[in-house]
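Q: Structure: structure-v7.cif, mmCIF, C-alpha atoms.
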data_upload
loop_
_atom_site.group_PDB
_atom_site.id
_atom_site.type_symbol
_atom_site.label_atom_id
_atom_site.label_comp_id
_atom_site.auth_asym_id
_atom_site.auth_seq_id
_atom_site.Cartn_x
_atom_site.Cartn_y
_atom_site.Cartn_z
ATOM 1 C CA MET A 1 173.985 48.307 30.689
ATOM 2 C CA ASP A 2 175.974 47.630 33.861
ATOM 3 C CA SER A 3 175.466 49.470 37.165
ATOM 4 C CA GLY A 4 178.658 51.549 36.684
ATOM 5 C CA ALA A 5 177.371 53.008 33.412
ATOM 6 C CA ILE A 6 174.027 53.823 35.025
ATOM 7 C CA ARG A 7 175.752 55.611 37.909
ATOM 8 C CA ARG A 8 177.922 57.613 35.494
ATOM 9 C CA ARG A 9 174.880 58.706 33.469
ATOM 10 C CA LEU A 10 172.971 59.661 36.612
ATOM 11 C CA ALA A 11 175.971 61.633 37.886
ATOM 12 C CA LEU A 12 176.300 63.406 34.536
ATOM 13 C CA GLY A 13 172.579 64.239 34.493
ATOM 14 C CA LEU A 14 172.730 65.577 38.040
ATOM 15 C CA ALA A 15 175.773 67.698 37.178
ATOM 16 C CA VAL A 16 174.009 69.196 34.151
ATOM 17 C CA LEU A 17 170.889 70.003 36.191
ATOM 18 C CA THR A 18 172.939 71.558 38.978
ATOM 19 C CA ALA A 19 174.953 73.706 36.556
ATOM 20 C CA SER A 20 171.843 74.942 34.731
ATOM 21 C CA GLY A 21 170.166 75.786 38.048
ATOM 22 C CA LEU A 22 173.201 77.755 39.185
ATOM 23 C CA LEU A 23 173.303 79.687 35.912
ATOM 24 C CA ALA A 24 169.617 80.567 36.176
ATOM 25 C CA VAL A 25 170.095 81.904 39.699
ATOM 26 C CA ALA A 26 173.353 83.735 38.932
ATOM 27 C CA ALA A 27 172.267 85.434 35.691
ATOM 28 C CA PRO A 28 170.293 88.366 37.245
ATOM 29 C CA GLY A 29 173.131 89.103 39.674
ATOM 30 C CA GLU A 30 175.647 89.063 36.866
ATOM 31 C CA ALA A 31 173.552 91.547 34.910
ATOM 32 C CA GLN A 32 173.429 93.892 37.889
ATOM 33 C CA ALA A 33 177.157 93.473 38.481
ATOM 34 C CA ALA A 34 177.763 94.358 34.831
ATOM 35 C CA ALA A 35 175.661 97.504 35.303
ATOM 36 C CA LEU A 36 177.774 98.540 38.257
ATOM 37 C CA ALA A 37 180.940 98.150 36.224
ATOM 38 C CA HIS A 38 179.891 101.201 34.155
ATOM 39 C CA CYS A 39 180.360 103.635 37.067
ATOM 40 C CA PRO A 40 183.964 104.418 37.961
ATOM 41 C CA GLY A 41 185.081 105.351 41.432
ATOM 42 C CA ARG A 42 183.980 104.374 44.905
ATOM 43 C CA LYS A 43 180.427 103.892 46.065
ATOM 44 C CA VAL A 44 179.424 106.831 48.274
ATOM 45 C CA ARG A 45 175.666 106.338 48.693
ATOM 46 C CA THR A 46 172.958 103.725 48.361
ATOM 47 C CA LEU A 47 169.424 105.108 48.060
ATOM 48 C CA PRO A 48 166.949 102.236 48.473
ATOM 49 C CA PHE A 49 163.228 102.519 47.727
ATOM 50 C CA SER A 50 160.258 100.160 47.373
ATOM 51 C CA SER A 51 160.997 98.850 43.882
ATOM 52 C CA GLY A 52 164.725 99.456 43.448
ATOM 53 C CA THR A 53 167.938 101.142 44.511
ATOM 54 C CA VAL A 54 170.031 104.038 43.265
ATOM 55 C CA LEU A 55 173.766 103.473 43.625
ATOM 56 C CA VAL A 56 175.970 106.581 43.648
ATOM 57 C CA TYR A 57 179.693 106.607 42.857
ATOM 58 C CA LYS A 58 182.291 109.360 43.033
ATOM 59 C CA ARG A 59 185.635 109.752 41.328
ATOM 60 C CA GLY A 60 187.477 113.032 41.356
ATOM 61 C CA GLY A 61 184.826 115.685 40.809
ATOM 62 C CA TYR A 62 182.505 113.323 38.909
ATOM 63 C CA ILE A 63 179.319 111.749 40.260
ATOM 64 C CA CYS A 64 177.868 108.659 38.570
ATOM 65 C CA ALA A 65 174.540 106.966 39.370
ATOM 66 C CA VAL A 66 172.656 103.821 38.327
ATOM 67 C CA THR A 67 169.101 102.764 39.230
ATOM 68 C CA LEU A 68 168.714 99.006 39.751
ATOM 69 C CA THR A 69 165.399 97.181 39.879
ATOM 70 C CA LYS A 70 164.536 94.681 42.617
ATOM 71 C CA LYS A 71 162.963 92.387 39.986
ATOM 72 C CA PRO A 72 165.492 92.077 37.139
ATOM 73 C CA GLY A 73 164.513 90.585 33.804
ATOM 74 C CA VAL A 74 161.098 92.274 33.474
ATOM 75 C CA LYS A 75 161.008 95.459 31.397
ATOM 76 C CA ARG A 76 159.606 98.340 33.413
ATOM 77 C CA LYS A 77 159.707 102.108 33.180
ATOM 78 C CA MET A 78 162.906 103.186 34.936
ATOM 79 C CA SER A 79 164.912 106.369 35.304
ATOM 80 C CA VAL A 80 167.939 107.867 36.990
ATOM 81 C CA SER A 81 168.793 111.561 37.263
ATOM 82 C CA VAL A 82 171.839 113.434 38.575
ATOM 83 C CA GLN A 83 171.895 117.225 38.896
ATOM 84 C CA ALA A 84 174.852 119.290 40.084
ATOM 85 C CA ARG A 85 173.738 122.487 41.833
ATOM 86 C CA GLY A 86 173.480 125.282 39.257
ATOM 87 C CA ASN A 87 173.175 122.908 36.272
ATOM 88 C CA ARG A 88 170.391 121.007 34.560
ATOM 89 C CA PRO A 89 169.832 117.352 35.444
ATOM 90 C CA VAL A 90 171.281 114.558 33.321
ATOM 91 C CA VAL A 91 168.582 111.895 32.905
ATOM 92 C CA ASP A 92 168.317 108.364 31.521
ATOM 93 C CA GLU A 93 164.704 107.215 31.224
ATOM 94 C CA GLY A 94 163.102 104.305 29.392
ATOM 95 C CA ARG A 95 161.808 100.746 29.638
ATOM 96 C CA TYR A 96 164.611 98.573 30.957
ATOM 97 C CA ALA A 97 164.892 95.051 32.346
ATOM 98 C CA TYR A 98 167.876 95.543 34.688
ATOM 99 C CA HIS A 99 169.037 99.133 35.196
ATOM 100 C CA ALA A 100 168.702 102.738 34.106
ATOM 101 C CA GLY A 101 171.922 104.605 33.576
ATOM 102 C CA PRO A 102 174.678 105.082 34.255
ATOM 103 C CA VAL A 103 174.569 108.870 34.144
ATOM 104 C CA MET A 104 177.573 110.987 35.055
ATOM 105 C CA VAL A 105 178.040 114.683 35.781
ATOM 106 C CA HIS A 106 180.971 116.812 36.801
ATOM 107 C CA ALA A 107 180.000 118.314 40.132
ATOM 108 C CA GLY A 108 183.373 119.455 41.406
ATOM 109 C CA ARG A 109 182.691 120.380 45.048
ATOM 110 C CA ARG A 110 179.041 121.288 44.415
ATOM 111 C CA CYS A 111 176.038 119.501 45.929
ATOM 112 C CA VAL A 112 174.128 117.038 43.780
ATOM 113 C CA TRP A 113 170.470 115.966 43.683
ATOM 114 C CA LEU A 114 169.742 112.367 42.678
ATOM 115 C CA LYS A 115 166.466 110.790 41.639
ATOM 116 C CA GLY A 116 165.566 107.239 40.719
ATOM 117 C CA ARG A 117 162.354 105.507 39.668
ATOM 118 C CA VAL A 118 161.295 101.926 38.932
ATOM 119 C CA GLY A 119 157.621 101.560 38.085
ATOM 120 C CA ARG A 120 155.635 103.455 40.732
ATOM 121 C CA GLY A 121 158.421 103.473 43.323
ATOM 122 C CA SER A 122 160.884 106.351 43.474
ATOM 123 C CA VAL A 123 163.485 108.144 45.554
ATOM 124 C CA SER A 124 164.720 111.740 45.641
ATOM 125 C CA SER A 125 167.827 112.559 47.659
ATOM 126 C CA GLY A 126 167.655 116.293 48.171
ATOM 127 C CA TRP A 127 170.994 118.142 47.979
ATOM 128 C CA ILE A 128 173.761 115.775 49.136
ATOM 129 C CA LEU A 129 177.521 115.242 48.879
ATOM 130 C CA CYS A 130 178.186 118.942 49.480
#
Render the structure in this file as structure tokens.
A:
Amino acid sequence: MDSGAIRRRLALGLAVLTASGLLAVAAPGEAQAAALAHCPGRKVRTLPFSSGTVLVYKRGGYICAVTLTKKPGVKRKMSVSVQARGNRPVVDEGRYAYHAGPVMVHAGRRCVWLKGRVGRGSVSSGWILC
């Protein structure tokens, strides 16, 4: 085997390793980006907490929320809840690897209360977006 063939094989091997490393790093971010695609509208709040984040979107009179974990890929107990004032909360709860939700409610011009939980960490917004 001549030196040109060796260089080509080394270059090909390096390219394959680089591509697989990039895919491994990008996969969790892509999963979270896919989760965000489920909520229409513009992001109006970010509610961070120790083990995750609740992202809140608004479009027209609708409020949509998703809870994202800080450690994607590991199934943990997660939840997200959105309650328009005067109504019952809409909740998504279970064991998820990437996100809980999305959940959407029609709030009109009413205040909403958001909650999110990942493992033992949680956040509760109080009445917001009034």
Q: Anything within 9 Å of (173.3, 102.9, 31.9): list those residues as a list of chain:residue names, counting all atoms listed in the file and sticking to the file's coordinates.
A: A:Ala35, A:Leu36, A:His38, A:Cys39, A:Ala65, A:Val66, A:Thr67, A:Val80, A:Asp92, A:His99, A:Ala100, A:Gly101, A:Pro102, A:Val103
Q: Go ahead and dump the residues you just picked, C-alpha atoms, as a CSV table (one decimal), keeping the file's coordinate frame.
A:
chain,number,residue,atom,x,y,z
A,35,ALA,CA,175.7,97.5,35.3
A,36,LEU,CA,177.8,98.5,38.3
A,38,HIS,CA,179.9,101.2,34.2
A,39,CYS,CA,180.4,103.6,37.1
A,65,ALA,CA,174.5,107.0,39.4
A,66,VAL,CA,172.7,103.8,38.3
A,67,THR,CA,169.1,102.8,39.2
A,80,VAL,CA,167.9,107.9,37.0
A,92,ASP,CA,168.3,108.4,31.5
A,99,HIS,CA,169.0,99.1,35.2
A,100,ALA,CA,168.7,102.7,34.1
A,101,GLY,CA,171.9,104.6,33.6
A,102,PRO,CA,174.7,105.1,34.3
A,103,VAL,CA,174.6,108.9,34.1
Q: Axis-aligned box over every listed atom of region 105-124 of chain A, padded by 3 Å per side: centre and edges in Å to one decimal, as lines of an AutoDock Vina configuration file?
A:
center_x = 169.5
center_y = 111.4
center_z = 40.9
size_x = 33.7
size_y = 25.7
size_z = 16.1
Q: Can you work out which one of A:Ala97, A:Ala84, A:Leu114, A:Val91 has the shortest atom-to-atom distance to Tyr62 (chain A), counting all atoms listed in the file?
A: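 Of all the options, A:Ala84 lies closest to Tyr62 (chain A).
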Q: Name the residues captured by the PyMOL selection byres ((chain A and resi 54) around 12) when it is applied to the shown file; answer as a PDB file with C-alpha atoms, in the frame of the given file.
A:
ATOM      1  CA  GLN A  32     173.429  93.892  37.889  1.00  0.00           C
ATOM      2  CA  ALA A  35     175.661  97.504  35.303  1.00  0.00           C
ATOM      3  CA  LEU A  36     177.774  98.540  38.257  1.00  0.00           C
ATOM      4  CA  LYS A  43     180.427 103.892  46.065  1.00  0.00           C
ATOM      5  CA  VAL A  44     179.424 106.831  48.274  1.00  0.00           C
ATOM      6  CA  ARG A  45     175.666 106.338  48.693  1.00  0.00           C
ATOM      7  CA  THR A  46     172.958 103.725  48.361  1.00  0.00           C
ATOM      8  CA  LEU A  47     169.424 105.108  48.060  1.00  0.00           C
ATOM      9  CA  PRO A  48     166.949 102.236  48.473  1.00  0.00           C
ATOM     10  CA  PHE A  49     163.228 102.519  47.727  1.00  0.00           C
ATOM     11  CA  SER A  50     160.258 100.160  47.373  1.00  0.00           C
ATOM     12  CA  SER A  51     160.997  98.850  43.882  1.00  0.00           C
ATOM     13  CA  GLY A  52     164.725  99.456  43.448  1.00  0.00           C
ATOM     14  CA  THR A  53     167.938 101.142  44.511  1.00  0.00           C
ATOM     15  CA  LEU A  55     173.766 103.473  43.625  1.00  0.00           C
ATOM     16  CA  VAL A  56     175.970 106.581  43.648  1.00  0.00           C
ATOM     17  CA  TYR A  57     179.693 106.607  42.857  1.00  0.00           C
ATOM     18  CA  CYS A  64     177.868 108.659  38.570  1.00  0.00           C
ATOM     19  CA  ALA A  65     174.540 106.966  39.370  1.00  0.00           C
ATOM     20  CA  VAL A  66     172.656 103.821  38.327  1.00  0.00           C
ATOM     21  CA  THR A  67     169.101 102.764  39.230  1.00  0.00           C
ATOM     22  CA  LEU A  68     168.714  99.006  39.751  1.00  0.00           C
ATOM     23  CA  THR A  69     165.399  97.181  39.879  1.00  0.00           C
ATOM     24  CA  LYS A  70     164.536  94.681  42.617  1.00  0.00           C
ATOM     25  CA  MET A  78     162.906 103.186  34.936  1.00  0.00           C
ATOM     26  CA  SER A  79     164.912 106.369  35.304  1.00  0.00           C
ATOM     27  CA  VAL A  80     167.939 107.867  36.990  1.00  0.00           C
ATOM     28  CA  SER A  81     168.793 111.561  37.263  1.00  0.00           C
ATOM     29  CA  VAL A  82     171.839 113.434  38.575  1.00  0.00           C
ATOM     30  CA  HIS A  99     169.037  99.133  35.196  1.00  0.00           C
ATOM     31  CA  ALA A 100     168.702 102.738  34.106  1.00  0.00           C
ATOM     32  CA  GLY A 101     171.922 104.605  33.576  1.00  0.00           C
ATOM     33  CA  PRO A 102     174.678 105.082  34.255  1.00  0.00           C
ATOM     34  CA  VAL A 103     174.569 108.870  34.144  1.00  0.00           C
ATOM     35  CA  TRP A 113     170.470 115.966  43.683  1.00  0.00           C
ATOM     36  CA  LEU A 114     169.742 112.367  42.678  1.00  0.00           C
ATOM     37  CA  LYS A 115     166.466 110.790  41.639  1.00  0.00           C
ATOM     38  CA  GLY A 116     165.566 107.239  40.719  1.00  0.00           C
ATOM     39  CA  ARG A 117     162.354 105.507  39.668  1.00  0.00           C
ATOM     40  CA  VAL A 118     161.295 101.926  38.932  1.00  0.00           C
ATOM     41  CA  GLY A 121     158.421 103.473  43.323  1.00  0.00           C
ATOM     42  CA  SER A 122     160.884 106.351  43.474  1.00  0.00           C
ATOM     43  CA  VAL A 123     163.485 108.144  45.554  1.00  0.00           C
ATOM     44  CA  SER A 124     164.720 111.740  45.641  1.00  0.00           C
ATOM     45  CA  SER A 125     167.827 112.559  47.659  1.00  0.00           C
TER      46      SER A 125
END
Q: How far is it from CA of Glu93 (chain A) to CA of Cys111 (chain A), in Å with one decimal?
A: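 Computing it gives 22.3 Å between the two atoms.
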Q: Could you list, as a VMD selection string, every residue matched by the PyMOL selection byres ((chain A and resi 74) around 10) in this structure?
A: chain A and resid 69 71 to 73 75 to 77 95 to 98
Q: Take CA of Asn87 (chain A) and CA of Gly119 (chain A) and report the distance between them in Å, one decimal.
A: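 Computed distance, CA of Asn87 (chain A) to CA of Gly119 (chain A), equals 26.5 Å.
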Q: From the options A:Gly94, A:Gly41, A:Gly126, A:Gly86, which residue's atoms come nearest to Gly61 (chain A), counting all atoms listed in the file?
A: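 Selected residue with least distance to Gly61 (chain A): A:Gly41.
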Q: Could you please determine the separation between CA of Leu129 (chain A) and CA of Arg42 (chain A) in Å, to one decimal place?
A: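 Straight-line distance from CA of Leu129 (chain A) to CA of Arg42 (chain A) works out to 13.3 Å.
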